[in-house]
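Have a look at the structure below, then the notes.
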Protein chains: 2
Amino acid sequence: MSKDITNKKILITGGLGFIGSNLTRRLVERGNTITVVDSLIPEYGGNLRNLQDIQDKITVSFSDVRDVQAINNLIKGHDYLFNLAGQTSHLDSMHDPITDLDINAKAQLSILEACRKSNPEIRVVFASTRQIYGKPKYLPVNEKHPQNPVDVNGINKIAGEQYHILYQKVYGIASSVLRLTNTYGSRMRIKDARQTFLGIWIRNLLEGKPIQVFGDGKQRRDYNYVEDVLDALLIAATEENAVGKVYNLGAPDPLSLEDTAKIMCQQIEGGDYQMIPFPEDRKAIDVGDFICDYSTFRDQFRWEPKVSFEEGIQRSLEYFRSEIEHYI
Amino acid sequence: MSKDITNKKILITGGLGFIGSNLTRRLVERGNTITVVDSLIPEYGGNLRNLQDIQDKITVSFSDVRDVQAINNLIKGHDYLFNLAGQTSHLDSMHDPITDLDINAKAQLSILEACRKSNPEIRVVFASTRQIYGKPKYLPVNEKHPQNPVDVNGINKIAGEQYHILYQKVYGIASSVLRLTNTYGSRMRIKDARQTFLGIWIRNLLEGKPIQVFGDGKQRRDYNYVEDVLDALLIAATEENAVGKVYNLGAPDPLSLEDTAKIMCQQIEGGDYQMIPFPEDRKAIDVGDFICDYSTFRDQFRWEPKVSFEEGIQRSLEYFRSEIEHYI
C-alpha cells in the first residue's frame with residue numbers, strides 16, 4: 001500500500017512543522033537527501049525540536065515561502081517537492097486575511113513559477129484542506145462537493161490547489177493535491193487550536209485541565225493519524241495516475257466531538273471534558289458535521305487508514321508526555 | 001426592468017475603463033456624486049478619453065486598487081461601490097500571474113477589509129467573469145457548473161468573488177457578484193484582445209484589415225452590449241434579493257466565431273475575415289464553445305438583454321469611427 005522513495009533529492013516546505021517533520025524523518029530513513037524549508041513563524045507549526053535529533057542528516061533553510069528569490073534557488077535540483085507550508089488557522093485567516101493570502105495563495109504561485117522556470121521535471125504534492133468545502137450540503141463530502149468556504153483560509157487554499165492543477169495542465173508540472181481532514185499525532189502543534197482543536201485538547205489533558213467541547217458536542221469529525229497521511233503523501237508523489245488530480249483523505253470511523261472527548265479522556269488518568277457554548281468568532285465559521293468521502297483515493301490506490309483513533313491518540317499522548325516542554 | 005440610483009455617493013473602481021466609464025456616465029446623468037478610481041495601467045482598460053467631456057462633473061482618483069492606504073481612504077463615505085477594476089487578459093495572467101493575483105484577488109480582499117473597517121453599510125457589486133468555469137462540461141453553463149479555470153485569471157477571479165460572498169455572510173457587507181461574459185460597446189479597449197477579442201476585431205475592421213478567426217471558427221460565444229450590462233449592475237446594486245448572491249449574465253443569441261465575424265463584416269464597407277490556426281499560447285487556455293445560462297438573473301429580476309448583437313456592433317462601430325484615434 002505505502003510507496004517508497006529512496007535516494008532522491010527532496011524539498012519539503014513546512015518541513016519543521018507537524019506533517020513535514022514526520023515526513024522528513026521517514027524519508028531520511030529511506031536514504032533520501034532532504035532540504036526542509038521553514039520560516040518558524042511562532043503561530044505556525046514549525047518547531048526545531050521536531051528534527052533536532054536528526055539535524056545533522058538534513059539541510060534546513062529558514063526561508064519563508066513568500067521569499068520569491070529564496071524559493072527560486074531552493075526549487076532547483078530537487079526530484080520531489082512536498083509543498084506543506086501553510087497558514088492553517090481558520091480564525092487567524094479572518095483576523096489577518098492578507099497574510100493568509102500571501103502564504104496560502106501567492107507563495108504557491110511563486111513556487112509553481114519557480115518550478116516552471118527552473119525545474120519543470122520536479123514531482124509536486126500539495127497539501128490542501130477539507131476547509132475548502134465549507135458547510136457540507138451532504139455527507140460524506142466527496143471531491144465533487146460544491147466549494148463554499150466559510151473563511152478566508154478556505155478561499156485561499158482553493159486558489160493554492162487550483163494553481164497546482166493548472167500548472168500541471170498547461171505546463172506539465174506533475175502535481176497532485178491531497179485535501180487533508182483533521183490530522184493529528186506526534187510533533188503536532190499543541191500550544192493552541194491553530195492546527196486542529198485536537199492539539200489543544202491533548203495539551204489540556206496532559207496538563208490536567210478539562211477539554212472544552214464547543215456547542216452540543218454532536219458535530220461529527222473525522223481524524224487521520226499522521227503516519228497514515230504520510231502513506232498517502234508518498235502514494236500521491238509516486239503514482240503516475242495521481243498526476244493532475246485532487247483527492248480527499250479521510251477515515252472510516254468519524255466521531256462526534258463529545259465521543260472524541262470521551263475517548264481521549266479514557267486514555268489518561270483523571271481526564272475530563274466540559275461542554276461550553278460556542279465562542280462567537282468560532283460559531284461564525286463553524287461548518288457543523290464534517291465527514292470526508294475518501295473512497296476515490298482508497299479505491300484507486302488501496303490506501304486505507306491503519307491507525308484507529310484510539311491507538312493514534314494513545315501514541316500521541318505517549319509522545320507528548322515526555323516532550324511537552326518543547327511544545328508549549 | 002432597469003433600476004435607478006439617484007443622488008447617492010458612488011465609488012467606481014476601474015471607473016476610467018470600459019464598463020466603469022459607461023456606468024459613470026449613466027450615474028452622473030441621474031444626479032449621483034461619482035468618484036472613479038483608476039490607475040490607468042497602459043495594458044488595461046482605463047482611458048482618459050472615456051470621461052473627458054464630463055471630467056468637471058466627477059472626481060477622479062488615479063489610485064491603484066493595490067494601494068491599501070488609498071483604498072481605505074476612498075471607501076469612506078460612499079453609499080455604493082461598483083468594484084470593476086481588474087486585470088482581464090487571460091494571456092497576461094499566464095505571463096505575469098503574480099500581478100493578476102495582486103489585482104484580482106489581493107486588492108479585492110483589501111477593499112473588503114476597508115469596507116468592514118470603515119464603511120460596513122456600503123452596497124457592493126463585484127464584476128466577475130465566466131472565465132472561472134473553464135472548459136464547459138455542459139451548455140449553457142449555469143451558476144452551479146464546476147469551476148475548473150483554464151488560466152490564472154480564472155482562479156484569481158474565483159477568489160475575488162468568494163471574498164465578496166464571505167464578507168457578506170460573516171460581516172454583513174452587502175455584496176452581489178455578476179459573472180460577465182464577452183461585453184462590448186463604446187469605450188471598450190480596442191488596441192488588442194486584452195478585454196475581449198471583439199475589441200481587436202472592431203479595430204481591424206475600422207482600419208480596413210481582415211478580422212482573424214482562430215481555429216475552425218465554430219466555437220460559439222455569447223455577447224452582451226454594455227448598456228445591458230449597466231442595467232444588470234444597477235439591478236444587482238439595488239435589489240435586496242441579490243445580496244450575497246452570484247449570477248451569470250448572458251445573451252439569448254449565441255453565435256459561432258465565424259458567424260460573429262460575418263455579422264461584423266456586413267456592417268462595414270469592405271469588411272473581411274480570415275481563418276487562421278490557433279496560436280499555441282491561446283490554444284492552451286481556450287475553452288471551446290461557451291454559452292452562459294443567465295436564466296436565474298433573468299427570472300428573478302426580469303433582466304433581459306435589449307440590444308441585439310447586430311445593433312450593438314453597429315453602435316460600437318459608429319462610436320469608434322469618429323473616436324478611433326483616442327483608442328489605438
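Letters A, B, ... mark the chains of the C-alpha cells in the order given; residue numbers begin at 1 per chain; ligand numbers begin at 1, in order shown.
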Tell me, which residues of segment 81-322 of chain B carry DSSP strand (DSSP E), written as a CSV table (one decimal) with C-alpha atoms, in the first residue's frame?
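The result, written out as selection.csv:
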chain,number,residue,atom,x,y,z
B,81,LEU,CA,-19.1,50.6,-4.6
B,82,PHE,CA,-19.1,49.2,-8.1
B,83,ASN,CA,-16.0,47.1,-7.9
B,123,ARG,CA,-23.5,48.3,-1.0
B,124,VAL,CA,-21.1,46.5,-3.3
B,125,VAL,CA,-21.3,45.0,-6.8
B,126,PHE,CA,-18.3,42.9,-8.0
B,127,ALA,CA,-17.7,42.2,-11.6
B,128,SER,CA,-16.6,38.6,-12.1
B,129,THR,CA,-16.2,36.6,-15.3
B,174,ALA,CA,-23.9,43.7,1.3
B,175,SER,CA,-22.2,42.4,-1.9
B,176,SER,CA,-23.5,40.9,-5.1
B,177,VAL,CA,-21.4,39.3,-7.8
B,178,LEU,CA,-22.2,39.3,-11.6
B,179,ARG,CA,-20.3,36.9,-13.8
B,180,LEU,CA,-19.9,38.7,-17.1
B,182,ASN,CA,-18.0,38.9,-23.5
B,183,THR,CA,-19.1,42.5,-23.0
B,184,TYR,CA,-18.6,45.0,-25.8
B,211,ILE,CA,-10.5,40.0,-38.8
B,212,GLN,CA,-8.6,36.9,-37.7
B,213,VAL,CA,-10.7,34.0,-36.7
B,214,PHE,CA,-8.7,31.3,-34.7
B,220,ARG,CA,-19.8,29.6,-30.0
B,221,ARG,CA,-19.8,32.7,-27.8
B,223,TYR,CA,-22.1,38.7,-26.1
B,224,ASN,CA,-23.6,41.5,-24.0
B,225,TYR,CA,-23.8,45.1,-25.2
B,246,VAL,CA,-23.7,35.2,-7.6
B,247,TYR,CA,-25.3,35.5,-11.1
B,248,ASN,CA,-24.3,34.8,-14.6
B,255,LEU,CA,-23.0,32.9,-32.3
B,256,SER,CA,-20.1,30.9,-33.7
B,273,TYR,CA,-12.2,38.0,-42.2
B,274,GLN,CA,-9.7,35.1,-42.5
B,275,MET,CA,-9.4,31.8,-40.7
B,276,ILE,CA,-6.0,31.2,-39.2
Do me a favour and pick out the residues of chain A within 9 Å of chain B, using only C-alpha atoms, as a ChimeraX atom specification. /A:97-98,101-102,105-106,109-110,113,144,146,148-152,155-156,158-159,162-163,166-167,169-170,284-285
With a distance cut-off of 10 Å and only C-alpha atoms, select the neighbouring residues of His78 of chain B, excluding the residue or stretch itself and same-chain residues fewer than 2 positions from it, and output the selection as a ChimeraX atom specification. /B:8-11,33-35,74-76,80-81,115,119,121-123
Picked from segment 28-196 of chain B by DSSP as alpha helix (DSSP H), as a PyMOL selection string: chain B and resi 28-29+68-75+90-95+97-101+107-118+152-171
How would the residues just chosen look if you wrote them out with C-alpha atoms as a PDB file, in the first residue's frame?
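Dumped to again22.pdb:
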ATOM      1  CA  VAL B  28     -23.825  61.180 -13.362  1.00  0.00           C
ATOM      2  CA  GLU B  29     -26.894  61.835 -15.524  1.00  0.00           C
ATOM      3  CA  VAL B  68      -4.230  49.661   0.646  1.00  0.00           C
ATOM      4  CA  GLN B  69      -3.977  53.101   2.259  1.00  0.00           C
ATOM      5  CA  ALA B  70      -5.563  54.893  -0.685  1.00  0.00           C
ATOM      6  CA  ILE B  71      -8.396  52.358  -0.790  1.00  0.00           C
ATOM      7  CA  ASN B  72      -9.000  52.751   2.948  1.00  0.00           C
ATOM      8  CA  ASN B  73      -9.461  56.472   2.446  1.00  0.00           C
ATOM      9  CA  LEU B  74     -11.589  56.162  -0.685  1.00  0.00           C
ATOM     10  CA  ILE B  75     -14.099  53.656   0.677  1.00  0.00           C
ATOM     11  CA  HIS B  90      -6.233  35.653 -19.862  1.00  0.00           C
ATOM     12  CA  LEU B  91      -2.912  35.594 -21.648  1.00  0.00           C
ATOM     13  CA  ASP B  92      -1.340  38.284 -19.449  1.00  0.00           C
ATOM     14  CA  SER B  93      -2.407  36.307 -16.390  1.00  0.00           C
ATOM     15  CA  MET B  94      -0.201  33.458 -17.608  1.00  0.00           C
ATOM     16  CA  HIS B  95       2.778  35.684 -18.414  1.00  0.00           C
ATOM     17  CA  PRO B  97       0.434  35.569 -12.757  1.00  0.00           C
ATOM     18  CA  ILE B  98       1.519  37.425  -9.637  1.00  0.00           C
ATOM     19  CA  THR B  99       0.249  40.780 -10.914  1.00  0.00           C
ATOM     20  CA  ASP B 100      -3.048  39.157 -11.808  1.00  0.00           C
ATOM     21  CA  LEU B 101      -3.263  37.748  -8.278  1.00  0.00           C
ATOM     22  CA  ALA B 107      -6.690  44.001  -3.815  1.00  0.00           C
ATOM     23  CA  GLN B 108     -10.263  42.671  -3.531  1.00  0.00           C
ATOM     24  CA  LEU B 109      -9.517  41.420  -0.062  1.00  0.00           C
ATOM     25  CA  SER B 110      -8.043  44.823   0.877  1.00  0.00           C
ATOM     26  CA  ILE B 111     -11.126  46.558  -0.490  1.00  0.00           C
ATOM     27  CA  LEU B 112     -13.426  44.347   1.558  1.00  0.00           C
ATOM     28  CA  GLU B 113     -11.307  44.817   4.669  1.00  0.00           C
ATOM     29  CA  ALA B 114     -11.613  48.568   4.133  1.00  0.00           C
ATOM     30  CA  CYS B 115     -15.400  48.204   3.836  1.00  0.00           C
ATOM     31  CA  ARG B 116     -15.547  46.122   7.003  1.00  0.00           C
ATOM     32  CA  LYS B 117     -13.458  48.582   8.994  1.00  0.00           C
ATOM     33  CA  SER B 118     -14.581  51.952   7.615  1.00  0.00           C
ATOM     34  CA  VAL B 152      -4.567  32.039 -13.605  1.00  0.00           C
ATOM     35  CA  ASN B 153      -7.059  34.845 -14.246  1.00  0.00           C
ATOM     36  CA  GLY B 154      -9.972  32.472 -13.684  1.00  0.00           C
ATOM     37  CA  ILE B 155      -8.507  31.183 -10.416  1.00  0.00           C
ATOM     38  CA  ASN B 156      -7.920  34.660  -9.022  1.00  0.00           C
ATOM     39  CA  LYS B 157     -11.373  35.877 -10.049  1.00  0.00           C
ATOM     40  CA  ILE B 158     -12.890  32.934  -8.132  1.00  0.00           C
ATOM     41  CA  ALA B 159     -11.028  34.075  -5.038  1.00  0.00           C
ATOM     42  CA  GLY B 160     -12.151  37.669  -5.675  1.00  0.00           C
ATOM     43  CA  GLU B 161     -15.806  36.751  -5.838  1.00  0.00           C
ATOM     44  CA  GLN B 162     -15.616  34.313  -2.918  1.00  0.00           C
ATOM     45  CA  TYR B 163     -14.171  37.030  -0.682  1.00  0.00           C
ATOM     46  CA  HIS B 164     -17.203  39.179  -1.513  1.00  0.00           C
ATOM     47  CA  ILE B 165     -19.666  36.410  -0.684  1.00  0.00           C
ATOM     48  CA  LEU B 166     -17.786  35.505   2.507  1.00  0.00           C
ATOM     49  CA  TYR B 167     -17.675  39.103   3.756  1.00  0.00           C
ATOM     50  CA  GLN B 168     -21.400  39.300   3.191  1.00  0.00           C
ATOM     51  CA  LYS B 169     -22.029  36.115   5.185  1.00  0.00           C
ATOM     52  CA  VAL B 170     -19.646  36.774   8.038  1.00  0.00           C
ATOM     53  CA  TYR B 171     -19.648  40.581   8.318  1.00  0.00           C
TER      54      TYR B 171
END
Skipping near chain neighbours, those fewer than 3 positions away, what residues fall within 8 Å of Arg203 of chain A using only C-alpha atoms, listed as a PyMOL selection string? chain A and resi 190-191+199-200+206-207+324
